[in-house]
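See below for the structure under consideration.
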Amino acid sequence: MQIGKGERISLPLAWLVLVPGGMAMLWQLGDGIDDWLAYAIMAGAAIATGLFPLEFRNISVSFQQWLLIAIFLRFGAGAEALASQLVVLASVLFSKSALPPVHRFVINSLIFYVSSVFAAGVFFLAGGMTGSSSVSYVIGYGLLYTIAHLAANHLCLYADSKWFGRPYHFRSRETLWDGASLFVIFPFGIAAYFMERTFGPTGLIPILIPFFIALVFAGRYNTSEGVNRRLGSASKTGYELAGRLNSEELIRLFIHRIRQTQGADVVYLIESSEGRLLATNAWESDTLTKNPRHLLFADKDRNGFGWIRPSVYGTVREWKKELPFSMPKGIESVMIAPLLNEEELSGYVVTGAYRRHLFTREDVQIFDLLCTHFTVSLEKARYVENAASHSERCPLTGLHNYRWFERELDRRVRNVNGGVLSRLSLIILDIDHFKRLNDTYGHQSGNDILVSLAAILEKETHGKGEVARFGGEEFVILLPGWWKEEAVAFAERLRKYIDDSVFEIRPDLGTERKKEFVGITASFGVASVPEDTDEPMDLLRNADRALYVGGKQSGRNKVGVYQG
């Protein structure tokens, strides 16, 4: 997480001005601690509770406040503020966070200190006194103190969001859960206070033991429920991926789902290509790209590197030691999982975040499962695409075939009729006297001419429309968005280009297959939607009629135009 220069200076300064001196003043104004054993047990239990927050639907709720309430009511503001600071220190030392440890301590120490002072001020100004044995008095003023402490905490979070831009919304599930936790911490806090007042330090044991047992069971249930929820989400994503038969669409969906489920800022798909590992797709700089710029391999690792098992890293220092590539500046948390195709490594998926320690061990297991779903789905999608390509391609010329053309023609005409496309023109062309060529030079020479002509048509049509082999020596060109006059001019340019070209053949009817060069001509027919028709097959018939009437019957090597 990026921290501004102003924040790096202003927060520690504020801490130095407020906390040390303020703590000393609170301690002097208080009555002091008359039972250090009881205080040590309460403070230690508060620290232990703070180290084990519960997660409810990605919201962290901590319950250490129940013992801080008891400490305040029993020993006063100075003792509670000291215990609060010890909770903060332990949390920084023993739990992970996106913020650097020192900065995290400063922020939380300030928030806890301000909350302690504010709540104590409200309590005493309202007439409250610590150490009371009246049940109604303790409950009434204790509730006032607890609510004031919660309000001060959220006011501090709101101020932090305004000054430093960290996300906070008062009307949020986090605030609701925080408020709901009062129904747990307040009764336990009051009970702990009276148990200690009545029976001394040993009186805390009957309430501490069941509380921590409940906390452990709730934590285990919470962890199990969270894992099950994430497994369910991963399974749903797996079904989504399996339903995609287009590899590009599948890759986009996978990257978006990884971002959503893992909260990642960058995602990289690394694939093995000709023995090298290359980043082929990514989400970086807040956009999808097929040309990633910020994942760079070291020179010695350009041709691949050793096996990396599914792993998670919490800081930039950790992943830089292990991973043989660099990532965008500021990335702290990283997860990586291999892509396996029949036990062979086909690549990796890498995801990263600017927050420290964002990913957990459970996250990397779910991540690995998603990568397995993705690998299987991608293999299936590419198999289907390959099969479809072979079934919709002419094996001789490599152009689309009639099966593809029929479907594409229907789709394009429907787009015109539906207002998605303004107009559509169709060109059909036929090689003149092709049978004579076959009879003179042989069928293999005829095939050579078809291949060469297909290459010319594909080159000249690139970026303008789509070309397909219609059958035999006939070809068709679809020109979406073209006026008929534009299509006629384009057909005329193609006719002249073909007429001026020479085609290399090796006749197979003679004793020797010597290289020869021949010329050919072609006749054309042009028709358009919506000028001539609004039906796909009628458009094809109209262009075919223009070919034979305006092209072939007019002397060949001409462009015929349909006249309705």
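We name chains A, B, ... following the order of the structure tokens; residues begin at 1 in each chain, and ligands are numbered from 1 as shown.
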| message | Using DSSP secondary structure from the backbone, list all strand (DSSP E) positions within region 306-429 of chain A, as a ChimeraX atom specification. | response | /A:311-313,325-326,333-341,344-353,424-429
| request: Select, from A:Glu406, A:Asp532, A:Glu249, A:Glu516, the residue with the minimum atom-to-atom distance to Val502 (chain A), counting only C-alpha atoms. | output: A:Glu516
| note | For Leu143 (chain A), the closest of A:Arg230, A:Ser109, A:Ile185, A:Ser115 counting only C-alpha atoms is A:Ile185
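The protein and nucleic acid residues lying at most 9 Å from region 548-553 of chain A are Asp430, Asp432, Ala522, Ser523, Phe524, Gly525, Ala543, Asp544, Arg545, Ala546, Gly555, Arg556, Asn557, Lys558, Val559, Gly560, Val561 and Tyr562 of chain A, with only C-alpha atoms considered and sequence neighbours fewer than 2 positions away removed.
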| request: Have a look at A:Thr261, A:Ser116, A:Ser233, A:Ser181 and name the one nearest to Leu68 (chain A); count only C-alpha atoms. | output: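 Of the candidates, the smallest distance to Leu68 (chain A) is held by A:Ser116.
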| Could you pull out all residues of region 312-492 of chain A with a DSSP call of helix (DSSP H, G or I) and give them as an MDAnalysis selection string? | chainID A and resid 316:322 361:391 402:417 434:441 443:461 484:492
| Using only C-alpha atoms: which of A:Tyr145, A:Gly418, A:Ser272, A:Pro206 has the shortest distance to Leu182 (chain A) | A:Tyr145
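CA of Leu253 (chain A) is positioned 18.6 Å from CA of Met335 (chain A).
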| request: Find the residues around Gly398 (chain A) up to 12 Å (only C-alpha atoms counted), leave out those fewer than 6 positions away in its own chain, and share them as a list of chain:residue names. | output: A:Ser389, A:His390, A:Ser391, A:Glu392, A:Leu450, A:Val451, A:Ser452, A:Leu453, A:Ala454, A:Ala455, A:Leu457, A:Glu458, A:Val467, A:Ala468, A:Arg469
| request: For each of A:Ala282, A:Val267, A:Ile431, A:Ile47, take the minimum atom-to-atom distance to Ala353 (chain A), counting only C-alpha atoms, then give the residue where this is smallest. | output: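 Among A:Ala282, A:Val267, A:Ile431, A:Ile47, it is A:Val267 that comes nearest to Ala353 (chain A).
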| remark: If you count only C-alpha atoms, the residue of A:Ile428, A:Ala40, A:Lys496, A:Val349 closest to Arg541 (chain A) turns out to be A:Ile428
| field | Asn291 (chain A) surroundings by only C-alpha atoms, 12 Å radius, close-in-sequence under 4 positions cut, as a list in words | value |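 Near neighbours after the sequence-gap exclusion: Tyr268, Leu269, Ile270, Leu278, Ala279, Thr280, Asn281, Ala282, Trp283, Glu284, Ser285, Thr287, Leu295 and Leu296 of chain A.
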Restricting it to N, CA, C and O atoms, dump the selection as a short mmCIF file (atom, residue, chain, number, x, y, z; two decimals), in the first residue's frame.
data_model
loop_
_atom_site.label_atom_id
_atom_site.label_comp_id
_atom_site.auth_asym_id
_atom_site.auth_seq_id
_atom_site.Cartn_x
_atom_site.Cartn_y
_atom_site.Cartn_z
N TYR A 268 -1.41 -11.96 -14.41
CA TYR A 268 -0.63 -12.30 -15.60
C TYR A 268 -0.82 -13.77 -15.96
O TYR A 268 -0.75 -14.63 -15.08
N LEU A 269 -1.06 -14.01 -17.24
CA LEU A 269 -1.08 -15.37 -17.77
C LEU A 269 0.22 -15.59 -18.53
O LEU A 269 0.50 -14.90 -19.52
N ILE A 270 1.03 -16.52 -18.03
CA ILE A 270 2.32 -16.85 -18.65
C ILE A 270 2.18 -18.20 -19.33
O ILE A 270 1.81 -19.19 -18.70
N LEU A 278 6.32 -16.83 -21.89
CA LEU A 278 5.98 -15.47 -22.28
C LEU A 278 4.69 -15.05 -21.59
O LEU A 278 3.75 -15.84 -21.47
N ALA A 279 4.61 -13.80 -21.14
CA ALA A 279 3.37 -13.25 -20.60
C ALA A 279 2.49 -12.87 -21.79
O ALA A 279 2.80 -11.94 -22.54
N THR A 280 1.40 -13.60 -22.00
CA THR A 280 0.58 -13.44 -23.21
C THR A 280 -0.67 -12.61 -22.98
O THR A 280 -1.20 -12.01 -23.91
N ASN A 281 -1.19 -12.61 -21.75
CA ASN A 281 -2.38 -11.84 -21.42
C ASN A 281 -2.24 -11.32 -20.00
O ASN A 281 -1.61 -11.96 -19.16
N ALA A 282 -2.87 -10.17 -19.73
CA ALA A 282 -2.72 -9.61 -18.38
C ALA A 282 -3.79 -8.58 -18.10
O ALA A 282 -4.42 -8.02 -19.01
N TRP A 283 -3.98 -8.37 -16.81
CA TRP A 283 -4.69 -7.18 -16.33
C TRP A 283 -3.63 -6.34 -15.61
O TRP A 283 -3.09 -6.73 -14.59
N GLU A 284 -3.30 -5.22 -16.19
CA GLU A 284 -2.34 -4.31 -15.57
C GLU A 284 -2.70 -2.89 -15.98
O GLU A 284 -3.31 -2.67 -17.03
N SER A 285 -2.35 -1.94 -15.13
CA SER A 285 -2.68 -0.53 -15.37
C SER A 285 -4.18 -0.36 -15.61
O SER A 285 -4.61 0.42 -16.46
N THR A 287 -6.40 -2.27 -17.03
CA THR A 287 -6.95 -2.64 -18.33
C THR A 287 -6.47 -4.03 -18.74
O THR A 287 -5.40 -4.48 -18.31
N LEU A 295 5.69 -7.22 -16.45
CA LEU A 295 6.23 -8.47 -15.93
C LEU A 295 7.43 -8.84 -16.80
O LEU A 295 7.27 -9.17 -17.98
N LEU A 296 8.61 -8.74 -16.24
CA LEU A 296 9.84 -8.90 -17.01
C LEU A 296 10.69 -10.03 -16.44
O LEU A 296 10.92 -10.09 -15.23
#
| message | Can you tell me which residues surround region 207-215 of chain A at a distance of at most 8 Å, considering only C-alpha atoms, apart from same-chain residues fewer than 2 positions away, and format the answer as an NGL selection string? | response | :A and (45 or 49 or 188 or 191-192 or 203-205 or 217-219)
